[in-house]
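**Student:** final_34.pdb is the file, holding PDB, C-alpha atoms:
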ATOM      1  CA  CYS K   1      47.856 -15.370  -9.711  1.00  0.00           C
ATOM      2  CA  ASP K   2      48.947 -13.218 -12.658  1.00  0.00           C
ATOM      3  CA  ASN K   3      47.127 -15.469 -15.120  1.00  0.00           C
ATOM      4  CA  LYS K   4      43.397 -14.752 -15.378  1.00  0.00           C
ATOM      5  CA  GLU K   5      42.823 -17.320 -18.127  1.00  0.00           C
ATOM      6  CA  VAL K   6      43.738 -20.654 -16.535  1.00  0.00           C
ATOM      7  CA  THR K   7      41.800 -23.487 -18.157  1.00  0.00           C
ATOM      8  CA  VAL K   8      40.293 -25.818 -15.560  1.00  0.00           C
ATOM      9  CA  TYR K   9      38.219 -28.926 -16.294  1.00  0.00           C
ATOM     10  CA  VAL K  10      35.625 -29.401 -13.549  1.00  0.00           C
ATOM     11  CA  VAL K  11      34.679 -33.048 -13.074  1.00  0.00           C
ATOM     12  CA  THR K  12      31.917 -34.490 -10.892  1.00  0.00           C
ATOM     13  CA  ARG K  13      30.446 -37.947 -10.500  1.00  0.00           C
ATOM     14  CA  ASP K  14      27.111 -37.062 -12.061  1.00  0.00           C
ATOM     15  CA  GLY K  15      28.372 -34.319 -14.369  1.00  0.00           C
ATOM     16  CA  ALA K  16      26.530 -31.584 -12.488  1.00  0.00           C
ATOM     17  CA  GLU K  17      28.005 -28.779 -10.427  1.00  0.00           C
ATOM     18  CA  GLY K  18      26.417 -27.341  -7.319  1.00  0.00           C
ATOM     19  CA  GLY K  19      24.190 -29.267  -4.961  1.00  0.00           C
ATOM     20  CA  GLY K  20      24.348 -29.845  -1.256  1.00  0.00           C
ATOM     21  CA  GLY K  21      27.578 -27.990  -0.702  1.00  0.00           C
ATOM     22  CA  ASN K  22      29.180 -30.760   1.296  1.00  0.00           C
ATOM     23  CA  LYS K  23      31.448 -32.452  -1.241  1.00  0.00           C
ATOM     24  CA  ALA K  24      35.204 -32.586  -0.996  1.00  0.00           C
ATOM     25  CA  ALA K  25      37.209 -30.884  -3.732  1.00  0.00           C
ATOM     26  CA  LEU K  26      40.477 -31.940  -5.308  1.00  0.00           C
ATOM     27  CA  VAL K  27      42.596 -29.520  -7.328  1.00  0.00           C
ATOM     28  CA  TYR K  28      44.702 -31.797  -9.540  1.00  0.00           C
ATOM     29  CA  CYS K  29      47.953 -30.975 -11.380  1.00  0.00           C
ATOM     30  CA  HIS K  30      48.988 -33.286 -14.222  1.00  0.00           C
ATOM     31  CA  GLY K  31      52.442 -34.828 -14.593  1.00  0.00           C
ATOM     32  CA  GLY K  32      55.093 -34.011 -17.171  1.00  0.00           C
ATOM     33  CA  GLY K  33      58.065 -32.517 -15.351  1.00  0.00           C
ATOM     34  CA  GLY K  34      56.520 -29.058 -15.387  1.00  0.00           C
ATOM     35  CA  ILE K  35      57.505 -28.799 -19.052  1.00  0.00           C
ATOM     36  CA  THR K  36      55.131 -31.096 -20.944  1.00  0.00           C
ATOM     37  CA  GLY K  37      51.790 -32.905 -20.707  1.00  0.00           C
ATOM     38  CA  SER K  38      48.246 -31.619 -20.526  1.00  0.00           C
ATOM     39  CA  ALA K  39      45.240 -31.746 -18.246  1.00  0.00           C
ATOM     40  CA  LYS K  40      43.384 -33.272 -21.207  1.00  0.00           C
ATOM     41  CA  HIS K  41      45.540 -36.387 -20.887  1.00  0.00           C
ATOM     42  CA  TYR K  42      44.194 -36.817 -17.347  1.00  0.00           C
ATOM     43  CA  ALA K  43      40.498 -36.582 -18.192  1.00  0.00           C
ATOM     44  CA  SER K  44      39.737 -40.247 -17.476  1.00  0.00           C
ATOM     45  CA  HIS K  45      41.980 -40.275 -14.407  1.00  0.00           C
ATOM     46  CA  CYS K  46      40.200 -37.299 -12.875  1.00  0.00           C
ATOM     47  CA  ALA K  47      36.785 -38.684 -13.850  1.00  0.00           C
ATOM     48  CA  ARG K  48      37.592 -41.888 -11.981  1.00  0.00           C
ATOM     49  CA  ILE K  49      38.693 -39.956  -8.884  1.00  0.00           C
ATOM     50  CA  ALA K  50      35.476 -37.927  -8.962  1.00  0.00           C
ATOM     51  CA  ALA K  51      33.273 -40.987  -9.484  1.00  0.00           C
ATOM     52  CA  GLU K  52      34.883 -43.257  -6.897  1.00  0.00           C
ATOM     53  CA  ASN K  53      34.997 -40.575  -4.204  1.00  0.00           C
ATOM     54  CA  ASP K  54      31.914 -38.495  -5.049  1.00  0.00           C
ATOM     55  CA  MET K  55      34.012 -35.362  -5.067  1.00  0.00           C
ATOM     56  CA  VAL K  56      34.544 -32.407  -7.367  1.00  0.00           C
ATOM     57  CA  VAL K  57      37.859 -32.526  -9.229  1.00  0.00           C
ATOM     58  CA  PHE K  58      39.431 -29.421 -10.735  1.00  0.00           C
ATOM     59  CA  ASN K  59      41.876 -30.573 -13.409  1.00  0.00           C
ATOM     60  CA  VAL K  60      44.289 -27.671 -13.979  1.00  0.00           C
ATOM     61  CA  GLU K  61      45.886 -26.739 -17.319  1.00  0.00           C
ATOM     62  CA  TYR K  62      48.725 -24.832 -15.669  1.00  0.00           C
ATOM     63  CA  ARG K  63      51.388 -23.009 -17.662  1.00  0.00           C
ATOM     64  CA  LEU K  64      54.433 -25.009 -18.727  1.00  0.00           C
ATOM     65  CA  ALA K  65      58.132 -24.217 -18.908  1.00  0.00           C
ATOM     66  CA  PRO K  66      60.330 -23.309 -20.651  1.00  0.00           C
ATOM     67  CA  GLU K  67      57.908 -20.866 -22.281  1.00  0.00           C
ATOM     68  CA  ASN K  68      56.570 -20.007 -18.822  1.00  0.00           C
ATOM     69  CA  LYS K  69      59.321 -20.240 -16.240  1.00  0.00           C
ATOM     70  CA  ALA K  70      58.833 -21.075 -12.585  1.00  0.00           C
ATOM     71  CA  PRO K  71      56.873 -20.167 -10.588  1.00  0.00           C
ATOM     72  CA  LYS K  72      54.140 -19.473 -13.154  1.00  0.00           C
ATOM     73  CA  GLY K  73      52.747 -23.014 -13.165  1.00  0.00           C
ATOM     74  CA  ILE K  74      52.748 -22.966  -9.368  1.00  0.00           C
ATOM     75  CA  MET K  75      50.936 -19.622  -9.322  1.00  0.00           C
ATOM     76  CA  ASP K  76      48.248 -21.014 -11.624  1.00  0.00           C
ATOM     77  CA  ALA K  77      47.572 -23.809  -9.129  1.00  0.00           C
ATOM     78  CA  VAL K  78      47.482 -21.280  -6.275  1.00  0.00           C
ATOM     79  CA  GLY K  79      44.949 -19.217  -8.204  1.00  0.00           C
ATOM     80  CA  VAL K  80      42.714 -22.245  -8.802  1.00  0.00           C
ATOM     81  CA  VAL K  81      42.839 -23.282  -5.141  1.00  0.00           C
ATOM     82  CA  MET K  82      41.817 -19.807  -4.037  1.00  0.00           C
ATOM     83  CA  HIS K  83      39.065 -19.651  -6.667  1.00  0.00           C
ATOM     84  CA  VAL K  84      37.628 -22.933  -5.383  1.00  0.00           C
ATOM     85  CA  VAL K  85      37.819 -21.750  -1.766  1.00  0.00           C
ATOM     86  CA  GLU K  86      36.186 -18.408  -2.552  1.00  0.00           C
ATOM     87  CA  ASN K  87      33.447 -19.968  -4.725  1.00  0.00           C
ATOM     88  CA  ALA K  88      32.909 -23.252  -2.899  1.00  0.00           C
ATOM     89  CA  ALA K  89      29.126 -22.938  -2.741  1.00  0.00           C
ATOM     90  CA  GLN K  90      28.914 -22.527  -6.520  1.00  0.00           C
ATOM     91  CA  TYR K  91      30.513 -25.947  -6.966  1.00  0.00           C
ATOM     92  CA  GLY K  92      28.718 -27.701  -4.106  1.00  0.00           C
ATOM     93  CA  VAL K  93      31.989 -27.934  -2.192  1.00  0.00           C
ATOM     94  CA  ASP K  94      32.579 -27.857   1.557  1.00  0.00           C
ATOM     95  CA  VAL K  95      35.204 -25.135   1.969  1.00  0.00           C
ATOM     96  CA  LYS K  96      36.796 -27.195   4.770  1.00  0.00           C
ATOM     97  CA  LYS K  97      37.413 -30.117   2.399  1.00  0.00           C
ATOM     98  CA  VAL K  98      39.592 -28.583  -0.321  1.00  0.00           C
ATOM     99  CA  CYS K  99      42.602 -30.741  -1.220  1.00  0.00           C
ATOM    100  CA  LEU K 100      45.499 -30.394  -3.661  1.00  0.00           C
ATOM    101  CA  ALA K 101      47.339 -33.165  -5.495  1.00  0.00           C
ATOM    102  CA  GLY K 102      49.523 -33.904  -8.495  1.00  0.00           C
ATOM    103  CA  ASP K 103      51.843 -36.568  -9.825  1.00  0.00           C
ATOM    104  CA  SER K 104      55.518 -36.307 -10.779  1.00  0.00           C
ATOM    105  CA  GLY K 105      55.938 -32.810 -12.272  1.00  0.00           C
ATOM    106  CA  GLY K 106      52.374 -32.149 -11.127  1.00  0.00           C
ATOM    107  CA  GLY K 107      53.515 -33.197  -7.654  1.00  0.00           C
ATOM    108  CA  TYR K 108      56.109 -30.455  -7.951  1.00  0.00           C
ATOM    109  CA  VAL K 109      53.423 -27.927  -8.915  1.00  0.00           C
ATOM    110  CA  ALA K 110      51.136 -29.076  -6.076  1.00  0.00           C
ATOM    111  CA  ALA K 111      53.916 -29.025  -3.474  1.00  0.00           C
ATOM    112  CA  GLY K 112      55.027 -25.625  -4.751  1.00  0.00           C
ATOM    113  CA  ALA K 113      51.494 -24.251  -4.623  1.00  0.00           C
ATOM    114  CA  ALA K 114      51.057 -25.481  -1.054  1.00  0.00           C
ATOM    115  CA  MET K 115      54.354 -23.772  -0.259  1.00  0.00           C
ATOM    116  CA  GLU K 116      53.205 -20.496  -1.811  1.00  0.00           C
ATOM    117  CA  LEU K 117      49.923 -20.635   0.110  1.00  0.00           C
ATOM    118  CA  ALA K 118      51.917 -21.197   3.309  1.00  0.00           C
ATOM    119  CA  LYS K 119      54.083 -18.172   2.485  1.00  0.00           C
ATOM    120  CA  ARG K 120      50.949 -16.072   2.188  1.00  0.00           C
ATOM    121  CA  GLY K 121      49.560 -17.320   5.496  1.00  0.00           C
ATOM    122  CA  LYS K 122      46.878 -19.345   3.699  1.00  0.00           C
ATOM    123  CA  GLY K 123      48.188 -22.877   4.132  1.00  0.00           C
ATOM    124  CA  ASP K 124      45.132 -23.665   6.235  1.00  0.00           C
ATOM    125  CA  VAL K 125      42.768 -23.345   3.254  1.00  0.00           C
ATOM    126  CA  LEU K 126      43.907 -26.854   2.288  1.00  0.00           C
ATOM    127  CA  ARG K 127      42.604 -29.874   4.155  1.00  0.00           C
ATOM    128  CA  LEU K 128      45.375 -31.954   2.585  1.00  0.00           C
ATOM    129  CA  CYS K 129      48.212 -31.739   0.074  1.00  0.00           C
ATOM    130  CA  MET K 130      49.042 -35.014  -1.667  1.00  0.00           C
ATOM    131  CA  PRO K 131      52.134 -35.073  -3.914  1.00  0.00           C
ATOM    132  CA  LEU K 132      52.341 -38.380  -5.797  1.00  0.00           C
ATOM    133  CA  TYR K 133      55.887 -39.559  -6.656  1.00  0.00           C
ATOM    134  CA  PRO K 134      56.786 -35.853  -6.738  1.00  0.00           C
ATOM    135  CA  GLN K 135      59.667 -34.126  -8.510  1.00  0.00           C
ATOM    136  CA  VAL K 136      60.629 -31.749  -5.696  1.00  0.00           C
ATOM    137  CA  SER K 137      64.330 -32.057  -4.794  1.00  0.00           C
ATOM    138  CA  ASN K 138      67.722 -30.969  -6.102  1.00  0.00           C
ATOM    139  CA  ILE K 139      69.319 -34.155  -4.761  1.00  0.00           C
ATOM    140  CA  PHE K 140      70.345 -35.442  -8.207  1.00  0.00           C
ATOM    141  CA  ILE K 141      72.400 -32.351  -9.035  1.00  0.00           C
ATOM    142  CA  LYS K 142      74.141 -32.030  -5.682  1.00  0.00           C
ATOM    143  CA  PRO K 143      77.938 -32.501  -5.898  1.00  0.00           C
ATOM    144  CA  GLY K 144      78.967 -36.043  -5.019  1.00  0.00           C
ATOM    145  CA  VAL K 145      75.499 -37.592  -5.256  1.00  0.00           C
ATOM    146  CA  LYS K 146      75.533 -40.787  -7.303  1.00  0.00           C
ATOM    147  CA  LEU K 147      72.516 -41.896  -9.311  1.00  0.00           C
ATOM    148  CA  GLU K 148      71.760 -45.479  -8.314  1.00  0.00           C
ATOM    149  CA  GLY K 149      69.464 -48.241  -9.536  1.00  0.00           C
ATOM    150  CA  ILE K 150      66.420 -46.969 -11.408  1.00  0.00           C
ATOM    151  CA  GLU K 151      67.708 -43.404 -10.922  1.00  0.00           C
ATOM    152  CA  SER K 152      70.522 -44.158 -13.376  1.00  0.00           C
ATOM    153  CA  THR K 153      67.978 -44.414 -16.208  1.00  0.00           C
ATOM    154  CA  THR K 154      68.263 -40.622 -16.135  1.00  0.00           C
ATOM    155  CA  SER K 155      71.484 -38.620 -15.900  1.00  0.00           C
ATOM    156  CA  ALA K 156      72.951 -35.601 -14.160  1.00  0.00           C
ATOM    157  CA  LYS K 157      72.667 -33.785 -17.507  1.00  0.00           C
ATOM    158  CA  PHE K 158      68.932 -34.553 -17.649  1.00  0.00           C
ATOM    159  CA  TRP K 159      68.396 -32.930 -14.248  1.00  0.00           C
ATOM    160  CA  LYS K 160      70.585 -29.929 -15.071  1.00  0.00           C
ATOM    161  CA  ASP K 161      68.650 -29.425 -18.317  1.00  0.00           C
ATOM    162  CA  LEU K 162      65.357 -29.622 -16.433  1.00  0.00           C
ATOM    163  CA  ASP K 163      66.652 -27.035 -13.961  1.00  0.00           C
ATOM    164  CA  LYS K 164      67.524 -24.778 -16.889  1.00  0.00           C
ATOM    165  CA  HIS K 165      64.044 -25.199 -18.405  1.00  0.00           C
ATOM    166  CA  LEU K 166      62.278 -24.319 -15.150  1.00  0.00           C
ATOM    167  CA  ARG K 167      64.541 -21.600 -13.777  1.00  0.00           C
ATOM    168  CA  PRO K 168      64.058 -18.036 -15.068  1.00  0.00           C
ATOM    169  CA  THR K 169      67.050 -15.983 -16.144  1.00  0.00           C
ATOM    170  CA  ALA K 170      68.297 -13.137 -13.966  1.00  0.00           C
ATOM    171  CA  GLU K 171      66.618 -10.685 -16.340  1.00  0.00           C
ATOM    172  CA  GLN K 172      63.306 -12.540 -16.114  1.00  0.00           C
ATOM    173  CA  MET K 173      63.508 -12.556 -12.319  1.00  0.00           C
ATOM    174  CA  LYS K 174      64.014  -8.788 -12.261  1.00  0.00           C
ATOM    175  CA  ALA K 175      61.111  -8.231 -14.658  1.00  0.00           C
ATOM    176  CA  GLU K 176      58.588  -9.978 -12.396  1.00  0.00           C
ATOM    177  CA  THR K 177      56.759  -7.891  -9.830  1.00  0.00           C
ATOM    178  CA  GLY K 178      54.302 -10.344  -8.282  1.00  0.00           C
ATOM    179  CA  TRP K 179      56.833 -12.449  -6.375  1.00  0.00           C
ATOM    180  CA  LYS K 180      60.378 -12.504  -5.044  1.00  0.00           C
ATOM    181  CA  TRP K 181      62.585 -15.250  -6.475  1.00  0.00           C
ATOM    182  CA  ASP K 182      63.152 -18.287  -4.279  1.00  0.00           C
ATOM    183  CA  ASN K 183      65.055 -21.442  -5.314  1.00  0.00           C
ATOM    184  CA  ALA K 184      62.210 -23.390  -3.724  1.00  0.00           C
ATOM    185  CA  TYR K 185      60.130 -22.415  -6.771  1.00  0.00           C
ATOM    186  CA  VAL K 186      62.174 -25.072  -8.598  1.00  0.00           C
ATOM    187  CA  TYR K 187      62.870 -27.355  -5.625  1.00  0.00           C
ATOM    188  CA  PRO K 188      60.169 -27.126  -2.930  1.00  0.00           C
ATOM    189  CA  THR K 189      62.370 -29.088  -0.512  1.00  0.00           C
ATOM    190  CA  LEU K 190      64.461 -25.895  -0.229  1.00  0.00           C
ATOM    191  CA  MET K 191      61.589 -23.959   1.371  1.00  0.00           C
ATOM    192  CA  LYS K 192      62.461 -22.045   4.525  1.00  0.00           C
ATOM    193  CA  GLU K 193      61.640 -23.407   7.971  1.00  0.00           C
ATOM    194  CA  GLU K 194      59.033 -20.743   8.668  1.00  0.00           C
ATOM    195  CA  VAL K 195      57.232 -21.787   5.487  1.00  0.00           C
ATOM    196  CA  VAL K 196      57.250 -25.434   6.569  1.00  0.00           C
ATOM    197  CA  ASP K 197      55.714 -24.308   9.868  1.00  0.00           C
ATOM    198  CA  ALA K 198      52.711 -22.963   7.926  1.00  0.00           C
ATOM    199  CA  TYR K 199      52.527 -25.831   5.395  1.00  0.00           C
ATOM    200  CA  PRO K 200      49.244 -27.768   5.133  1.00  0.00           C
ATOM    201  CA  PRO K 201      48.931 -31.395   6.298  1.00  0.00           C
ATOM    202  CA  THR K 202      50.525 -33.599   3.647  1.00  0.00           C
ATOM    203  CA  ALA K 203      50.387 -37.235   2.560  1.00  0.00           C
ATOM    204  CA  ILE K 204      53.082 -38.386   0.126  1.00  0.00           C
ATOM    205  CA  ILE K 205      52.786 -41.444  -2.108  1.00  0.00           C
ATOM    206  CA  THR K 206      55.714 -43.033  -3.934  1.00  0.00           C
ATOM    207  CA  SER K 207      56.858 -46.511  -4.946  1.00  0.00           C
ATOM    208  CA  GLU K 208      59.822 -48.716  -4.197  1.00  0.00           C
ATOM    209  CA  PHE K 209      61.416 -48.505  -7.643  1.00  0.00           C
ATOM    210  CA  ASP K 210      60.309 -45.019  -8.689  1.00  0.00           C
ATOM    211  CA  PHE K 211      63.311 -42.990  -9.849  1.00  0.00           C
ATOM    212  CA  LEU K 212      61.881 -40.031  -7.906  1.00  0.00           C
ATOM    213  CA  ARG K 213      61.574 -41.901  -4.606  1.00  0.00           C
ATOM    214  CA  ARG K 214      64.459 -39.994  -2.999  1.00  0.00           C
ATOM    215  CA  HIS K 215      62.686 -36.760  -3.918  1.00  0.00           C
ATOM    216  CA  ALA K 216      59.629 -37.960  -1.986  1.00  0.00           C
ATOM    217  CA  GLU K 217      61.825 -38.989   0.937  1.00  0.00           C
ATOM    218  CA  ASP K 218      63.499 -35.558   1.035  1.00  0.00           C
ATOM    219  CA  LEU K 219      60.159 -33.775   1.174  1.00  0.00           C
ATOM    220  CA  GLY K 220      58.740 -36.271   3.648  1.00  0.00           C
ATOM    221  CA  LYS K 221      61.655 -35.821   6.035  1.00  0.00           C
ATOM    222  CA  LYS K 222      61.362 -32.028   5.950  1.00  0.00           C
ATOM    223  CA  LEU K 223      57.626 -32.109   6.658  1.00  0.00           C
ATOM    224  CA  HIS K 224      57.862 -34.871   9.272  1.00  0.00           C
ATOM    225  CA  GLU K 225      60.305 -32.819  11.343  1.00  0.00           C
ATOM    226  CA  LYS K 226      57.651 -30.103  11.636  1.00  0.00           C
ATOM    227  CA  GLY K 227      54.703 -32.432  12.217  1.00  0.00           C
ATOM    228  CA  LYS K 228      53.197 -31.713   8.800  1.00  0.00           C
ATOM    229  CA  LEU K 229      53.457 -35.231   7.347  1.00  0.00           C
ATOM    230  CA  VAL K 230      50.301 -37.236   8.023  1.00  0.00           C
ATOM    231  CA  ASP K 231      51.204 -40.252   5.873  1.00  0.00           C
ATOM    232  CA  PHE K 232      54.042 -41.550   3.707  1.00  0.00           C
ATOM    233  CA  VAL K 233      53.173 -44.482   1.454  1.00  0.00           C
ATOM    234  CA  VAL K 234      55.709 -46.553  -0.494  1.00  0.00           C
ATOM    235  CA  HIS K 235      54.129 -49.125  -2.797  1.00  0.00           C
ATOM    236  CA  PRO K 236      56.425 -52.185  -2.720  1.00  0.00           C
ATOM    237  CA  GLY K 237      57.533 -53.847  -5.919  1.00  0.00           C
ATOM    238  CA  LEU K 238      56.524 -50.946  -8.184  1.00  0.00           C
TER     239      LEU K 238
END
Please go through the file and, once you have read it, give me the structure as C-alpha cells.

**Tutor:**
Amino acid sequence: CDNKEVTVYVVTRDGAEGGGGNKAALVYCHGGGGITGSAKHYASHCARIAAENDMVVFNVEYRLAPENKAPKGIMDAVGVVMHVVENAAQYGVDVKKVCLAGDSGGGYVAAGAAMELAKRGKGDVLRLCMPLYPQVSNIFIKPGVKLEGIESTTSAKFWKDLDKHLRPTAEQMKAETGWKWDNAYVYPTLMKEEVVDAYPPTAIITSEFDFLRRHAEDLGKKLHEKGKLVDFVVHPGL
C-alpha cells in the first residue's frame, strides 16, 4: 500500500485488544460507492458485529474517489489486511481467521482488495471474503443492457459518471509506479481467470429487490465457475 496513514478503527466486544490470540478478525469497508461515506458512520454497525461474534473488527477509512482514483481505496484495504495478518498476535487474532467484508461501494473495495491479494499470490491470507450487495460489475453500462425494475431508479448516466469518478486519467495511470492499470480496479468482475483461480473463498449476500443484485450475480457466477463461491444469499422481499 502506498498510503502509510490509513485510519482504522479497531473494535472489540470488551473494548480491549490482545488476549488469547484466537479471535477471528474482520476487515470492514464502508459503503458509499467508493466516492462518499465514512468509517465513522459505521461505528455502531461494526461494534455490533464485534459484540455479537466476539471478534475484532477493523473499520477502514479508505481513500475516496474522485480525489483518490482507483485503485487507491482498494490498496488501502489490502494494506490493512496485511497489517492485521502480520500483527495478529498484537490484536489477539488467529491469523487463520482473517476475513474481509464491505457493503455496496465497500463491497467493491473488499472484492477489489481480495482480487489484488490474489494477484500477489496472497489470496490465502483470507479465510473468507464477504461482499454485501456489492457494486462490482460494468453490466449497467454495457451496450444494449436495459435497466429494469428497481435498477431504473438509477440511470445509465449515473453509472457512467461513477465510472468517471473512479477511473484515473491516462496521465494519472502513467504517473503511478506501484501497480499496472487493470479495468478490474473499477469492475472486479473483469478480473482475469488466473486471478480468480487464486481468489479467496467468498460468500456473497444480496437481496431480491436490491438495484445491485445483478452485480452480485455477475461476481457470484464468475467465482462459482472456479469453485471459489462458498455461499450466495438472496434475502427475499427486500

**Student:** Nearest to Phe232 of chain K: which of K:Asp161, K:Lys96, K:Met82, K:Met130 is it, counting all atoms listed in the file?

**Tutor:**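 Selected residue with least distance to Phe232 of chain K: K:Met130.
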
**Student:** Would you mind listing what lies within 9 Å of segment 99-105 of chain K as a PyMOL selection string, with all atoms listed in the file counted and same-chain residues fewer than 3 positions away left out?

**Tutor:** chain K and resi 24-36+77+81+108-111+113-114+125-136+212

**Student:** For Leu219 of chain K, list every protein, DNA or RNA residue within 8 Å, evaluated using all atoms listed in the file, and leave out those in the same chain fewer than 5 positions away; present the list as a ChimeraX atom specification.

**Tutor:** /K:136-137,188-189

**Student:** Got a sec to resolve the PyMOL selection byres ((chain K and resi 164-174) around 6) on this structure and send the residues as a ChimeraX atom specification?

**Tutor:** /K:65-66,69-70,161-163,175-176

**Student:** Give as a ChimeraX atom specification the residues that the PyMOL selection byres ((chain K and resi 95) around 9) matches when applied to the coordinates above.

**Tutor:** /K:21-25,84-89,93-94,96-98,125-126

**Student:** Could you list, as a PyMOL selection string, every residue within 8 Å of segment 220-228 of chain K, counting all atoms listed in the file and ignoring same-chain residues fewer than 3 positions away?

**Tutor:** chain K and resi 189+196-197+199-202+204+216-217+232

**Student:** For the atom pair atom CA of Glu116 of chain K and atom CA of Pro71 of chain K, what is the interatomic distance in Å to one decimal place?

**Tutor:**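 Atom-to-atom, atom CA of Glu116 of chain K to atom CA of Pro71 of chain K, that is 9.5 Å.
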
**Student:** Counting all atoms listed in the file, which residue out of K:Arg63, K:Val10, K:Gly106, K:Val78 sits closest to Cys46 of chain K?

**Tutor:**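 Of K:Arg63, K:Val10, K:Gly106, K:Val78, the one nearest Cys46 of chain K, counting all atoms listed in the file, is K:Val10.
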
**Student:** Rebuild segment 173-188 of chain K so that it carries N, CA and C atoms, then output the result as a compact mmCIF listing (two decimals), in the frame of the given file.

**Tutor:**
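This went into out_9.txt:
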# COMPACT_ATOMS: atom_id res chain seq x y z
N MET K 173 63.80 -12.73 -13.75
CA MET K 173 63.51 -12.56 -12.32
C MET K 173 63.28 -11.09 -11.98
N LYS K 174 64.12 -10.22 -12.54
CA LYS K 174 64.01 -8.79 -12.26
C LYS K 174 62.73 -8.20 -12.85
N ALA K 175 62.28 -8.77 -13.97
CA ALA K 175 61.11 -8.23 -14.66
C ALA K 175 59.81 -8.55 -13.93
N GLU K 176 59.80 -9.59 -13.10
CA GLU K 176 58.59 -9.98 -12.40
C GLU K 176 58.35 -9.08 -11.19
N THR K 177 57.10 -8.76 -10.96
CA THR K 177 56.76 -7.89 -9.83
C THR K 177 55.85 -8.58 -8.81
N GLY K 178 55.28 -9.70 -9.17
CA GLY K 178 54.30 -10.34 -8.28
C GLY K 178 54.90 -11.26 -7.24
N TRP K 179 56.20 -11.54 -7.33
CA TRP K 179 56.83 -12.45 -6.38
C TRP K 179 58.33 -12.18 -6.31
N LYS K 180 58.94 -12.60 -5.22
CA LYS K 180 60.38 -12.50 -5.04
C LYS K 180 60.98 -13.88 -5.28
N TRP K 181 62.03 -13.95 -6.11
CA TRP K 181 62.58 -15.25 -6.48
C TRP K 181 63.05 -16.04 -5.26
N ASP K 182 62.78 -17.35 -5.33
CA ASP K 182 63.15 -18.29 -4.28
C ASP K 182 63.52 -19.59 -4.98
N ASN K 183 64.66 -20.18 -4.68
CA ASN K 183 65.06 -21.44 -5.31
C ASN K 183 64.05 -22.56 -5.05
N ALA K 184 63.25 -22.39 -4.02
CA ALA K 184 62.21 -23.39 -3.72
C ALA K 184 61.12 -23.40 -4.79
N TYR K 185 61.07 -22.39 -5.66
CA TYR K 185 60.13 -22.42 -6.77
C TYR K 185 60.52 -23.48 -7.81
N VAL K 186 61.75 -23.95 -7.76
CA VAL K 186 62.17 -25.07 -8.60
C VAL K 186 62.26 -26.35 -7.77
N TYR K 187 62.71 -26.20 -6.53
CA TYR K 187 62.87 -27.36 -5.62
C TYR K 187 62.17 -27.05 -4.30
N PRO K 188 60.91 -27.43 -4.16
CA PRO K 188 60.17 -27.13 -2.93
C PRO K 188 60.83 -27.63 -1.64
